[in-house]
>>> print(open('input26.tsv').read())   # TSV, C-alpha atoms (C1' of nucleotides)
chain	number	residue	atom	x	y	z
A	24	MET	CA	-63.95	-85.14	4.35
A	25	THR	CA	-67.59	-84.50	4.80
A	26	VAL	CA	-69.31	-83.72	8.02
A	27	CYS	CA	-72.01	-85.98	9.38
A	28	CYS	CA	-73.26	-85.13	12.82
A	29	ASP	CA	-75.72	-83.69	15.09
A	30	HIS	CA	-74.17	-80.20	14.95
A	31	HIS	CA	-72.81	-78.62	18.10
A	32	PRO	CA	-76.01	-78.56	20.04
A	33	PRO	CA	-76.03	-76.19	22.95
A	34	GLU	CA	-75.17	-77.89	26.18
A	35	GLU	CA	-78.66	-77.27	27.45
A	36	THR	CA	-79.87	-79.96	25.11
A	37	LEU	CA	-77.78	-82.60	26.84
A	38	THR	CA	-79.61	-84.89	29.21
A	39	ARG	CA	-78.68	-85.13	32.85
A	40	ASN	CA	-76.62	-88.28	32.36
A	41	GLN	CA	-74.83	-86.86	29.35
A	42	ARG	CA	-74.00	-83.72	31.29
A	43	LEU	CA	-72.68	-85.71	34.24
A	44	VAL	CA	-70.40	-87.73	32.00
A	45	LEU	CA	-69.17	-84.67	30.13
A	46	GLU	CA	-68.45	-82.77	33.33
A	47	THR	CA	-66.51	-85.69	34.75
A	48	LEU	CA	-64.40	-85.94	31.62
A	49	ARG	CA	-63.79	-82.18	31.68
A	50	SER	CA	-62.61	-82.32	35.26
A	51	GLU	CA	-59.74	-84.64	34.32
A	52	ASP	CA	-56.87	-83.99	32.01
A	53	LYS	CA	-56.36	-87.66	31.36
A	54	PRO	CA	-58.61	-89.93	29.39
A	55	LEU	CA	-61.06	-92.04	31.38
A	56	THR	CA	-62.50	-95.42	30.53
A	57	ALA	CA	-66.21	-96.11	30.64
A	58	TYR	CA	-65.71	-98.02	33.89
A	59	ASN	CA	-63.70	-95.17	35.42
A	60	LEU	CA	-66.70	-92.97	34.71
A	61	LEU	CA	-69.02	-95.56	36.16
A	62	ASP	CA	-67.07	-95.58	39.43
A	63	ARG	CA	-67.11	-91.81	39.69
A	64	LEU	CA	-70.79	-91.49	38.87
A	65	ARG	CA	-72.31	-94.34	40.83
A	66	ASP	CA	-73.48	-92.01	43.56
A	67	ASP	CA	-75.23	-89.88	40.97
A	68	GLY	CA	-77.34	-92.83	39.90
A	69	LEU	CA	-75.32	-94.18	37.01
A	70	ARG	CA	-74.98	-97.75	38.13
A	71	ALA	CA	-74.75	-99.85	34.97
A	72	PRO	CA	-72.50	-99.74	31.90
A	73	PRO	CA	-75.22	-98.99	29.36
A	74	GLN	CA	-76.00	-95.74	31.09
A	75	ILE	CA	-72.41	-94.62	30.60
A	76	TYR	CA	-72.04	-95.94	27.08
A	77	ARG	CA	-75.25	-94.31	25.96
A	78	ALA	CA	-74.15	-90.94	27.22
A	79	LEU	CA	-70.73	-91.39	25.63
A	80	ASP	CA	-72.25	-92.32	22.27
A	81	ARG	CA	-74.13	-89.08	22.15
A	82	LEU	CA	-71.20	-86.96	23.33
A	83	VAL	CA	-68.89	-88.54	20.77
A	84	ASN	CA	-71.41	-88.08	18.01
A	85	VAL	CA	-71.83	-84.46	18.92
A	86	GLY	CA	-68.06	-83.98	18.92
A	87	VAL	CA	-67.46	-82.84	22.48
A	88	VAL	CA	-65.85	-86.11	23.50
A	89	HIS	CA	-63.45	-88.31	21.56
A	90	ARG	CA	-62.76	-91.95	21.90
A	91	LEU	CA	-59.14	-93.07	22.05
A	92	ASP	CA	-59.27	-96.48	20.45
A	93	ARG	CA	-55.81	-97.49	21.49
A	94	LEU	CA	-56.67	-96.94	25.14
A	95	ASN	CA	-60.37	-97.82	25.17
A	96	ALA	CA	-60.81	-94.45	26.78
A	97	PHE	CA	-62.58	-91.17	26.33
A	98	ILE	CA	-61.51	-87.57	26.57
A	99	SER	CA	-63.35	-84.28	26.35
A	100	CYS	CA	-62.50	-81.75	23.71
A	101	ASN	CA	-63.29	-78.11	23.35
A	102	HIS	CA	-62.23	-77.58	19.79
A	103	ASN	CA	-65.49	-76.59	18.24
A	104	HIS	CA	-65.75	-79.37	15.70
A	105	CYS	CA	-68.17	-82.09	14.76
A	106	GLY	CA	-67.93	-85.78	15.41
A	107	GLY	CA	-67.32	-86.42	11.75
A	108	GLN	CA	-64.17	-84.42	11.37
A	109	GLY	CA	-60.61	-85.57	11.59
A	110	VAL	CA	-59.06	-85.99	14.97
A	111	LEU	CA	-55.49	-86.58	15.95
A	112	PHE	CA	-53.99	-87.26	19.36
A	113	ALA	CA	-50.53	-87.37	20.82
A	114	VAL	CA	-50.58	-90.04	23.53
A	115	CYS	CA	-47.63	-90.27	25.91
A	116	ASP	CA	-46.50	-93.85	26.40
A	117	ALA	CA	-45.00	-93.02	29.78
A	118	CYS	CA	-47.59	-90.97	31.65
A	119	GLY	CA	-50.71	-91.52	29.58
A	120	SER	CA	-51.36	-87.83	29.00
A	121	VAL	CA	-53.09	-86.91	25.79
A	122	GLU	CA	-52.93	-83.76	23.67
A	123	GLU	CA	-55.23	-83.11	20.80
A	124	LEU	CA	-53.53	-81.88	17.64
A	125	LYS	CA	-54.82	-79.96	14.68
A	126	ALA	CA	-55.77	-82.53	12.07
A	127	ASP	CA	-56.26	-80.20	9.11
A	128	THR	CA	-52.81	-80.64	7.65
A	129	VAL	CA	-53.09	-84.37	8.12
A	130	GLU	CA	-56.38	-84.55	6.34
A	131	SER	CA	-54.99	-82.77	3.33
A	132	ALA	CA	-51.96	-85.05	3.40
A	133	ILE	CA	-54.03	-88.20	3.22
A	134	LEU	CA	-56.79	-87.17	0.83
A	135	PRO	CA	-54.70	-87.69	-2.33
A	136	THR	CA	-53.74	-91.15	-1.11
A	137	THR	CA	-57.25	-92.29	-0.30
A	138	GLU	CA	-58.58	-90.84	-3.54
A	139	ALA	CA	-55.90	-92.67	-5.48
A	140	ILE	CA	-57.39	-95.98	-4.39
A	141	GLY	CA	-60.96	-94.82	-4.94
A	142	PHE	CA	-61.74	-94.64	-1.25
A	143	HIS	CA	-64.26	-92.07	-0.06
A	144	ALA	CA	-62.88	-90.80	3.23
A	145	VAL	CA	-65.28	-89.67	5.92
A	146	GLN	CA	-63.19	-89.34	9.04
A	147	LEU	CA	-59.59	-89.64	10.07
A	148	VAL	CA	-58.77	-90.86	13.54
A	149	GLY	CA	-55.10	-90.82	14.29
A	150	GLU	CA	-53.12	-91.54	17.40
A	151	VAL	CA	-49.46	-90.69	17.66
A	152	ARG	CA	-47.56	-92.66	20.24
A	153	GLY	CA	-44.45	-91.20	21.78
A	154	LEU	CA	-43.22	-89.25	24.78
A	155	CYS	CA	-44.52	-85.92	25.93
A	156	GLY	CA	-42.03	-83.15	26.67
A	157	PRO	CA	-41.74	-83.74	30.43
A	158	CYS	CA	-41.39	-87.51	30.12
A	159	GLU	CA	-38.84	-87.19	27.35
A	160	ARG	CA	-36.76	-84.90	29.56
A	161	LYS	CA	-37.05	-87.24	32.54
A	162	LYS	CA	-35.78	-90.07	30.38
A	163	THR	CA	-32.72	-88.27	28.99
A	164	ASP	CA	-31.87	-86.69	32.36
A	165	GLY	CA	-32.21	-89.87	34.42
B	21	MET	CA	-40.13	-90.97	13.83
B	22	THR	CA	-37.55	-93.36	15.03
B	23	VAL	CA	-37.59	-97.06	14.51
B	24	CYS	CA	-37.72	-99.41	17.46
B	25	CYS	CA	-38.19	-103.03	16.65
B	26	ASP	CA	-36.93	-106.44	16.23
B	27	HIS	CA	-35.99	-105.90	12.55
B	28	HIS	CA	-37.63	-107.95	9.82
B	29	PRO	CA	-36.46	-111.31	11.01
B	30	PRO	CA	-36.63	-114.01	8.39
B	31	GLU	CA	-39.80	-116.01	8.65
B	32	GLU	CA	-37.79	-119.05	9.63
B	33	THR	CA	-37.27	-117.43	13.01
B	34	LEU	CA	-40.97	-117.45	13.71
B	35	THR	CA	-42.22	-120.16	16.00
B	36	ARG	CA	-44.82	-122.65	14.91
B	37	ASN	CA	-47.67	-120.75	16.58
B	38	GLN	CA	-46.53	-117.45	15.17
B	39	ARG	CA	-46.37	-118.95	11.70
B	40	LEU	CA	-49.84	-120.45	12.01
B	41	VAL	CA	-51.32	-117.12	13.03
B	42	LEU	CA	-49.49	-115.26	10.27
B	43	GLU	CA	-50.57	-117.73	7.60
B	44	THR	CA	-54.17	-117.52	8.70
B	45	LEU	CA	-54.11	-113.74	8.52
B	46	ARG	CA	-52.50	-113.87	5.10
B	47	SER	CA	-55.16	-116.19	3.80
B	48	GLU	CA	-57.85	-113.57	4.45
B	49	ASP	CA	-58.24	-110.17	2.97
B	50	LYS	CA	-60.25	-108.94	5.89
B	51	PRO	CA	-59.01	-108.28	9.39
B	52	LEU	CA	-59.55	-111.03	11.94
B	53	THR	CA	-60.02	-110.72	15.67
B	54	ALA	CA	-58.00	-112.75	18.12
B	55	TYR	CA	-61.03	-114.95	18.72
B	56	ASN	CA	-61.58	-115.47	14.98
B	57	LEU	CA	-58.02	-116.76	14.87
B	58	LEU	CA	-58.64	-118.94	17.88
B	59	ASP	CA	-61.60	-120.59	16.17
B	60	ARG	CA	-59.64	-121.26	13.00
B	61	LEU	CA	-56.60	-122.62	14.82
B	62	ARG	CA	-58.14	-124.74	17.54
B	63	ASP	CA	-57.48	-127.91	15.59
B	64	ASP	CA	-53.84	-126.94	15.29
B	65	GLY	CA	-53.49	-126.89	19.05
B	66	LEU	CA	-54.12	-123.22	19.78
B	67	ARG	CA	-56.86	-123.58	22.34
B	68	ALA	CA	-56.58	-120.60	24.65
B	69	PRO	CA	-56.45	-116.83	24.09
B	70	PRO	CA	-52.93	-116.29	25.42
B	71	GLN	CA	-51.52	-118.51	22.71
B	72	ILE	CA	-53.05	-116.27	20.07
B	73	TYR	CA	-52.21	-113.01	21.77
B	74	ARG	CA	-48.61	-114.00	22.32
B	75	ALA	CA	-48.15	-114.84	18.66
B	76	LEU	CA	-49.85	-111.61	17.65
B	77	ASP	CA	-47.63	-109.56	19.94
B	78	ARG	CA	-44.55	-110.85	18.25
B	79	LEU	CA	-45.94	-110.46	14.73
B	80	VAL	CA	-47.03	-106.89	15.42
B	81	ASN	CA	-43.70	-106.02	16.98
B	82	VAL	CA	-41.91	-107.43	13.97
B	83	GLY	CA	-44.12	-105.41	11.65
B	84	VAL	CA	-45.73	-108.17	9.58
B	85	VAL	CA	-49.10	-107.75	11.24
B	86	HIS	CA	-50.91	-104.61	12.28
B	87	ARG	CA	-53.56	-104.11	14.86
B	88	LEU	CA	-56.65	-102.11	13.90
B	89	ASP	CA	-57.60	-100.49	17.18
B	90	ARG	CA	-60.97	-99.37	16.01
B	91	LEU	CA	-61.98	-102.91	15.16
B	92	ASN	CA	-60.03	-104.87	17.76
B	93	ALA	CA	-58.71	-106.81	14.82
B	94	PHE	CA	-55.50	-107.75	13.12
B	95	ILE	CA	-54.35	-107.78	9.53
B	96	SER	CA	-51.21	-108.96	7.81
B	97	CYS	CA	-49.05	-106.60	5.87
B	98	ASN	CA	-46.34	-107.15	3.33
B	99	HIS	CA	-44.94	-103.67	3.17
B	100	ASN	CA	-41.45	-104.27	4.36
B	101	HIS	CA	-41.52	-102.01	7.38
B	102	CYS	CA	-40.90	-102.23	11.08
B	103	GLY	CA	-43.42	-102.26	13.87
B	104	GLY	CA	-42.33	-98.81	14.92
B	105	GLN	CA	-43.12	-96.99	11.74
B	106	GLY	CA	-46.22	-95.11	10.82
B	107	VAL	CA	-49.20	-97.00	9.59
B	108	LEU	CA	-52.40	-95.79	8.03
B	109	PHE	CA	-55.49	-97.73	7.04
B	110	ALA	CA	-58.61	-97.06	5.04
B	111	VAL	CA	-61.40	-99.03	6.67
B	112	CYS	CA	-64.69	-99.38	4.82
B	113	ASP	CA	-67.66	-98.78	7.11
B	114	ALA	CA	-69.92	-100.86	4.88
B	115	CYS	CA	-68.02	-104.04	4.07
B	116	GLY	CA	-65.19	-103.97	6.58
B	117	SER	CA	-62.45	-104.24	3.99
B	118	VAL	CA	-59.17	-102.61	4.84
B	119	GLU	CA	-56.47	-101.11	2.62
B	120	GLU	CA	-53.13	-100.06	3.91
B	121	LEU	CA	-51.98	-96.63	2.75
B	122	LYS	CA	-48.59	-95.07	2.51
B	123	ALA	CA	-48.02	-93.16	5.72
B	124	ASP	CA	-44.94	-91.21	4.72
B	125	THR	CA	-46.72	-88.05	3.66
B	126	VAL	CA	-48.83	-88.22	6.78
B	127	GLU	CA	-45.83	-88.53	9.03
B	128	SER	CA	-44.24	-85.44	7.54
B	129	ALA	CA	-47.56	-83.62	7.87
B	130	ILE	CA	-47.80	-84.29	11.59
B	131	LEU	CA	-44.20	-83.89	12.68
B	132	PRO	CA	-44.27	-80.07	12.78
B	133	THR	CA	-47.42	-80.22	14.88
B	134	THR	CA	-46.11	-82.68	17.42
B	135	GLU	CA	-42.80	-80.87	17.65
B	136	ALA	CA	-44.59	-77.59	18.24
B	137	ILE	CA	-45.96	-78.98	21.51
B	138	GLY	CA	-42.67	-80.62	22.46
B	139	PHE	CA	-43.93	-84.11	21.86
B	140	HIS	CA	-41.45	-86.74	20.74
B	141	ALA	CA	-43.35	-88.85	18.21
B	142	VAL	CA	-42.50	-92.52	17.89
B	143	GLN	CA	-45.29	-94.00	15.84
B	144	LEU	CA	-48.38	-92.85	14.02
B	145	VAL	CA	-51.35	-95.15	13.79
B	146	GLY	CA	-54.14	-93.75	11.71
B	147	GLU	CA	-57.43	-95.17	10.61
B	148	VAL	CA	-59.53	-93.47	7.97
B	149	ARG	CA	-63.19	-94.36	8.05
B	150	GLY	CA	-65.24	-94.11	4.90
B	151	LEU	CA	-66.50	-96.15	1.99
B	152	CYS	CA	-64.39	-98.14	-0.39
B	153	GLY	CA	-64.92	-97.67	-4.13
B	154	PRO	CA	-67.33	-100.58	-4.65
B	155	CYS	CA	-69.46	-99.74	-1.61
B	156	GLU	CA	-69.59	-96.07	-2.56
B	157	ARG	CA	-70.83	-97.02	-6.03
B	158	LYS	CA	-73.43	-99.39	-4.63
B	159	LYS	CA	-74.74	-96.61	-2.44
B	160	THR	CA	-75.05	-93.97	-5.15
B	161	ASP	CA	-76.47	-96.45	-7.68
B	162	GLY	CA	-79.06	-97.98	-5.34
C	9	DA	C1'	-22.50	-133.90	28.67
C	10	DA	C1'	-24.34	-131.21	32.69
C	11	DG	C1'	-26.41	-127.63	34.12
C	12	DG	C1'	-28.16	-122.76	34.05
C	13	DG	C1'	-30.52	-119.08	31.81
C	14	DT	C1'	-33.78	-117.76	28.62
C	15	DT	C1'	-37.67	-118.32	25.75
C	16	DA	C1'	-41.84	-120.70	24.21
C	17	DT	C1'	-45.83	-123.40	25.58
C	18	DG	C1'	-50.20	-124.87	27.46
C	19	DT	C1'	-53.57	-124.08	30.88
C	20	DT	C1'	-56.75	-122.12	34.31
C	21	DA	C1'	-58.85	-118.52	35.93
C	22	DC	C1'	-60.07	-113.94	35.76
C	23	DA	C1'	-60.25	-108.84	34.45
C	24	DT	C1'	-61.86	-105.50	31.36
C	25	DT	C1'	-64.69	-103.56	27.84
C	26	DA	C1'	-69.08	-103.46	25.50
C	27	DT	C1'	-73.92	-104.76	24.09
C	28	DA	C1'	-78.58	-107.10	23.76
C	29	DA	C1'	-82.92	-107.06	25.32
C	30	DC	C1'	-86.67	-105.55	27.93
C	31	DA	C1'	-89.87	-102.74	30.74
C	32	DG	C1'	-91.13	-98.43	32.60
C	33	DA	C1'	-91.02	-93.33	32.54
C	34	DT	C1'	-90.91	-89.01	30.10
C	35	DT	C1'	-91.27	-85.91	26.49
C	36	DT	C1'	-93.18	-84.16	22.18
C	37	DC	C1'	-96.38	-82.76	19.38
C	38	DA	C1'	-100.10	-83.66	16.07
D	26	DT	C1'	-105.60	-87.46	24.45
D	27	DG	C1'	-102.96	-90.48	22.71
D	28	DA	C1'	-99.28	-92.16	19.50
D	29	DA	C1'	-94.34	-91.88	18.49
D	30	DA	C1'	-90.13	-91.14	20.04
D	31	DT	C1'	-86.67	-90.79	23.42
D	32	DC	C1'	-84.42	-91.47	27.74
D	33	DT	C1'	-84.08	-94.42	31.64
D	34	DG	C1'	-82.76	-98.21	34.64
D	35	DT	C1'	-81.84	-103.03	34.93
D	36	DT	C1'	-80.31	-107.82	34.21
D	37	DA	C1'	-77.73	-110.70	31.90
D	38	DT	C1'	-74.22	-111.87	28.78
D	39	DA	C1'	-70.93	-111.29	24.94
D	40	DA	C1'	-66.40	-110.05	23.37
D	41	DT	C1'	-61.77	-108.87	24.21
D	42	DG	C1'	-57.56	-109.23	26.78
D	43	DT	C1'	-54.20	-110.67	30.83
D	44	DA	C1'	-52.09	-112.60	35.15
D	45	DA	C1'	-50.03	-116.26	36.90
D	46	DC	C1'	-48.12	-120.66	37.04
D	47	DA	C1'	-46.03	-125.08	35.72
D	48	DT	C1'	-43.75	-127.50	32.10
D	49	DA	C1'	-41.03	-128.12	28.10
D	50	DA	C1'	-37.66	-126.79	24.63
D	51	DC	C1'	-33.72	-124.39	23.38
D	52	DC	C1'	-29.15	-122.34	23.58
D	53	DC	C1'	-24.93	-121.64	25.56
D	54	DT	C1'	-21.09	-122.10	28.56
D	55	DT	C1'	-18.00	-124.65	31.05
>>> encode(input="input26.tsv", output="structure tokens")
Amino acid sequence: MTVCCDHHPPEETLTRNQRLVLETLRSEDKPLTAYNLLDRLRDDGLRAPPQIYRALDRLVNVGVVHRLDRLNAFISCNHNHCGGQGVLFAVCDACGSVEELKADTVESAILPTTEAIGFHAVQLVGEVRGLCGPCERKKTDG
Amino acid sequence: MTVCCDHHPPEETLTRNQRLVLETLRSEDKPLTAYNLLDRLRDDGLRAPPQIYRALDRLVNVGVVHRLDRLNAFISCNHNHCGGQGVLFAVCDACGSVEELKADTVESAILPTTEAIGFHAVQLVGEVRGLCGPCERKKTDG
DNA sequence: AAGGGTTATGTTACATTATAACAGATTTCA
DNA sequence: TGAAATCTGTTATAATGTAACATAACCCTT
């Protein structure tokens, strides 16, 4: 796994729009879609989708935001890693909450397999579906 | 990882539309989007998106087709596994080809991590970005 | 064989997610 | 200063996915 990003730039280098999007994502513990962000930021002057998507592109590339493909949604992340590194999420099917997991062990588990087929891996993106602790308990109790 | 599907039903139990979609996916080695399928199957009477999506839902649930979230695309699979089991793909950034990998080692690599946070994992879906052998060679040669 | 429940089907219309393309403003820095 | 690059706002549209409804087929039970 090699790294290929715009390394952890200090937050001061973010533009106003990028900072607004990042702060909004940080203020939620659930992932938000681009259009959720658009609704929340309309009063701050972000009125059209490209404004949101452009900010998200940068934040994802920099590694402070991840995209959850399964949900078409975005979530902030404070693990200090680059956009190019492996990422793994536990997504609760019941409540939609998301926890980021350490992907290191997963990366080492897949490398032999990808190498065996001659594939040059750059980034792992994994999403684990299931039930978070609280929802699992609710289910077995109820 | 528990299993939760409509187990490997014989193909005779597929409906006409499901069989058409499955055969089309099998005849390609690249993933197809729902709208790619719609184009190819219009003459067979599949004229509107819900017809495609309904067939895909069943095929994915049954485990003979997988959805590639990153690409919004679908690919057939002949590993004899259920919809609920872990799945891992190597997706080439250059040519779009997709190879399915064995996910067993990956599942055992993540289980301790998900359990540590009290998360009850049901299914892993992982996509590894990178370059396939041929594209990697082209890049380093050129 | 009639009828009742379920499943599959076709269709329209719409919701959601994402991008192309362009023009103006701002920054950077040689 | 002025050329290159970047960020900005905007319109319009593409691509992906679903809700809702009416009909038809199928399976089962009596």
>>> calpha_fit_and_write(input="input26.tsv", fixed="chain A", moving="chain B", output="short mmCIF file (atom, residue, chain, number, x, y, z; two decimals) with C-alpha atoms, in the coordinates of the input")
data_model
loop_
_atom_site.label_atom_id
_atom_site.label_comp_id
_atom_site.auth_asym_id
_atom_site.auth_seq_id
_atom_site.Cartn_x
_atom_site.Cartn_y
_atom_site.Cartn_z
CA MET B 21 -63.94 -85.16 4.40
CA THR B 22 -67.58 -84.47 4.80
CA VAL B 23 -69.30 -83.66 8.01
CA CYS B 24 -72.01 -85.91 9.36
CA CYS B 25 -73.26 -85.10 12.78
CA ASP B 26 -75.74 -83.68 15.07
CA HIS B 27 -74.19 -80.18 14.98
CA HIS B 28 -72.82 -78.59 18.13
CA PRO B 29 -76.04 -78.56 20.06
CA PRO B 30 -76.06 -76.19 22.98
CA GLU B 31 -75.19 -77.92 26.19
CA GLU B 32 -78.68 -77.30 27.47
CA THR B 33 -79.87 -79.99 25.10
CA LEU B 34 -77.79 -82.60 26.84
CA THR B 35 -79.61 -84.88 29.21
CA ARG B 36 -78.69 -85.13 32.85
CA ASN B 37 -76.62 -88.29 32.34
CA GLN B 38 -74.85 -86.86 29.34
CA ARG B 39 -74.00 -83.73 31.29
CA LEU B 40 -72.68 -85.73 34.23
CA VAL B 41 -70.40 -87.75 31.99
CA LEU B 42 -69.18 -84.67 30.14
CA GLU B 43 -68.45 -82.78 33.34
CA THR B 44 -66.51 -85.69 34.75
CA LEU B 45 -64.39 -85.92 31.62
CA ARG B 46 -63.78 -82.19 31.69
CA SER B 47 -62.62 -82.32 35.26
CA GLU B 48 -59.74 -84.62 34.31
CA ASP B 49 -56.86 -83.98 32.02
CA LYS B 50 -56.35 -87.64 31.36
CA PRO B 51 -58.61 -89.93 29.39
CA LEU B 52 -61.06 -92.04 31.37
CA THR B 53 -62.49 -95.42 30.50
CA ALA B 54 -66.19 -96.12 30.61
CA TYR B 55 -65.69 -98.04 33.84
CA ASN B 56 -63.69 -95.18 35.40
CA LEU B 57 -66.70 -93.00 34.68
CA LEU B 58 -69.02 -95.59 36.13
CA ASP B 59 -67.09 -95.61 39.39
CA ARG B 60 -67.13 -91.84 39.67
CA LEU B 61 -70.82 -91.53 38.84
CA ARG B 62 -72.35 -94.39 40.77
CA ASP B 63 -73.52 -92.06 43.50
CA ASP B 64 -75.25 -89.92 40.91
CA GLY B 65 -77.38 -92.85 39.84
CA LEU B 66 -75.33 -94.21 36.95
CA ARG B 67 -75.02 -97.79 38.06
CA ALA B 68 -74.76 -99.88 34.92
CA PRO B 69 -72.50 -99.76 31.85
CA PRO B 70 -75.22 -98.99 29.31
CA GLN B 71 -75.98 -95.73 31.05
CA ILE B 72 -72.39 -94.63 30.57
CA TYR B 73 -72.04 -95.94 27.05
CA ARG B 74 -75.25 -94.31 25.91
CA ALA B 75 -74.14 -90.93 27.21
CA LEU B 76 -70.73 -91.38 25.62
CA ASP B 77 -72.25 -92.29 22.27
CA ARG B 78 -74.13 -89.05 22.15
CA LEU B 79 -71.20 -86.94 23.33
CA VAL B 80 -68.88 -88.51 20.77
CA ASN B 81 -71.41 -88.07 18.00
CA VAL B 82 -71.83 -84.44 18.94
CA GLY B 83 -68.07 -83.95 18.91
CA VAL B 84 -67.45 -82.81 22.49
CA VAL B 85 -65.84 -86.09 23.48
CA HIS B 86 -63.45 -88.29 21.56
CA ARG B 87 -62.74 -91.94 21.91
CA LEU B 88 -59.11 -93.06 22.04
CA ASP B 89 -59.28 -96.48 20.43
CA ARG B 90 -55.83 -97.48 21.49
CA LEU B 91 -56.66 -96.94 25.13
CA ASN B 92 -60.36 -97.81 25.18
CA ALA B 93 -60.78 -94.43 26.78
CA PHE B 94 -62.56 -91.16 26.31
CA ILE B 95 -61.50 -87.55 26.57
CA SER B 96 -63.34 -84.27 26.34
CA CYS B 97 -62.49 -81.74 23.72
CA ASN B 98 -63.29 -78.08 23.37
CA HIS B 99 -62.23 -77.57 19.81
CA ASN B 100 -65.48 -76.57 18.26
CA HIS B 101 -65.75 -79.36 15.73
CA CYS B 102 -68.18 -82.06 14.76
CA GLY B 103 -67.95 -85.75 15.44
CA GLY B 104 -67.33 -86.41 11.78
CA GLN B 105 -64.18 -84.41 11.39
CA GLY B 106 -60.63 -85.55 11.62
CA VAL B 107 -59.05 -85.96 14.98
CA LEU B 108 -55.47 -86.56 15.96
CA PHE B 109 -53.98 -87.22 19.37
CA ALA B 110 -50.52 -87.35 20.85
CA VAL B 111 -50.58 -90.01 23.54
CA CYS B 112 -47.64 -90.25 25.92
CA ASP B 113 -46.52 -93.84 26.42
CA ALA B 114 -45.01 -93.01 29.80
CA CYS B 115 -47.59 -90.94 31.66
CA GLY B 116 -50.72 -91.48 29.59
CA SER B 117 -51.36 -87.80 29.01
CA VAL B 118 -53.08 -86.88 25.79
CA GLU B 119 -52.91 -83.72 23.67
CA GLU B 120 -55.21 -83.07 20.81
CA LEU B 121 -53.51 -81.86 17.64
CA LYS B 122 -54.78 -79.97 14.67
CA ALA B 123 -55.76 -82.53 12.07
CA ASP B 124 -56.22 -80.23 9.11
CA THR B 125 -52.77 -80.68 7.63
CA VAL B 126 -53.07 -84.40 8.14
CA GLU B 127 -56.38 -84.58 6.36
CA SER B 128 -54.98 -82.82 3.32
CA ALA B 129 -51.95 -85.11 3.42
CA ILE B 130 -54.06 -88.25 3.26
CA LEU B 131 -56.79 -87.22 0.85
CA PRO B 132 -54.71 -87.77 -2.31
CA THR B 133 -53.78 -91.22 -1.06
CA THR B 134 -57.29 -92.33 -0.26
CA GLU B 135 -58.61 -90.91 -3.50
CA ALA B 136 -55.94 -92.74 -5.44
CA ILE B 137 -57.46 -96.05 -4.33
CA GLY B 138 -61.03 -94.85 -4.86
CA PHE B 139 -61.79 -94.66 -1.19
CA HIS B 140 -64.30 -92.08 -0.01
CA ALA B 141 -62.90 -90.79 3.28
CA VAL B 142 -65.30 -89.65 5.97
CA GLN B 143 -63.21 -89.32 9.08
CA LEU B 144 -59.60 -89.64 10.11
CA VAL B 145 -58.77 -90.83 13.59
CA GLY B 146 -55.09 -90.79 14.32
CA GLU B 147 -53.12 -91.53 17.42
CA VAL B 148 -49.45 -90.68 17.67
CA ARG B 149 -47.55 -92.66 20.26
CA GLY B 150 -44.44 -91.20 21.81
CA LEU B 151 -43.23 -89.26 24.80
CA CYS B 152 -44.50 -85.91 25.92
CA GLY B 153 -41.97 -83.15 26.65
CA PRO B 154 -41.70 -83.72 30.41
CA CYS B 155 -41.38 -87.50 30.11
CA GLU B 156 -38.81 -87.19 27.34
CA ARG B 157 -36.73 -84.89 29.55
CA LYS B 158 -37.01 -87.22 32.52
CA LYS B 159 -35.75 -90.06 30.38
CA THR B 160 -32.71 -88.27 28.96
CA ASP B 161 -31.83 -86.68 32.32
CA GLY B 162 -32.15 -89.88 34.38
#
>>> closest_residue(input="input26.tsv", among="C:DT34, C:DT14, C:DT19, C:DT25", to="chain B", atoms="all atoms listed in the file")
C:DT19
>>> residues_around(input="input26.tsv", residues="Thr137 of chain A", least_positions_apart="6", cutoff="12 Å", atoms="all atoms listed in the file", output="list in words")
Met24, Glu130, Ser131, His143, Ala144, Val145, Gln146 and Leu147 of chain A; Leu108, Phe109, Ala110, Val111, Cys112, Val118, Glu119, Glu120, Leu121, Lys122, Ala123, Val126, Glu147, Val148, Arg149, Gly150, Leu151, Cys152 and Gly153 of chain B
>>> interface_residues(input="input26.tsv", of="chain D", to="chain B", cutoff="10 Å", atoms="all atoms listed in the file", output="PyMOL selection string")
chain D and resi 40-43
>>> interface_residues(input="input26.tsv", of="chain C", to="chain B", cutoff="10 Å", atoms="only C-alpha atoms (C1' of nucleotides)", output="list in words")
DA16, DT17, DG18, DT19 and DT20 of chain C
>>> closest_residue(input="input26.tsv", among="A:Glu46, A:Asp62, A:Glu138, A:Asp52", to="chain B", atoms="all atoms listed in the file")
A:Glu138
>>> atom_distance(input="input26.tsv", atom1="atom CA of Arg42 of chain A", atom2="atom C1' of DA30 of chain D")
21.0 Å
>>> atom_distance(input="input26.tsv", atom1="atom C1' of DA45 of chain D", atom2="atom C1' of DA23 of chain C")
12.9 Å
>>> residues_around(input="input26.tsv", residues="DG13 of chain C", least_positions_apart="2", cutoff="10 Å", atoms="all atoms listed in the file", output="PyMOL selection string")
(chain C and resi 11+15) or (chain D and resi 52-53)
>>> atom_distance(input="input26.tsv", atom1="atom CA of Pro135 of chain A", atom2="atom CA of Val148 of chain A")
16.7 Å
>>> closest_residue(input="input26.tsv", among="B:Val85, B:Leu57, B:Leu76, B:Leu131", to="chain A", atoms="only C-alpha atoms")
B:Leu131
>>> residues_around(input="input26.tsv", residues="Arg49 of chain A", least_positions_apart="4", cutoff="9 Å", atoms="only C-alpha atoms (C1' of nucleotides)", output="VMD selection string")
chain A and resid 44 to 45 98 to 100
>>> residues_around(input="input26.tsv", residues="DC37 of chain C", least_positions_apart="3", cutoff="12 Å", atoms="all atoms listed in the file", output="number ranges by chain")
D: 26-30
>>> residues_around(input="input26.tsv", residues="DA10 of chain C", least_positions_apart="2", cutoff="12 Å", atoms="only C-alpha atoms (C1' of nucleotides)", output="list in words")
DG12 of chain C; DC53, DT54 and DT55 of chain D
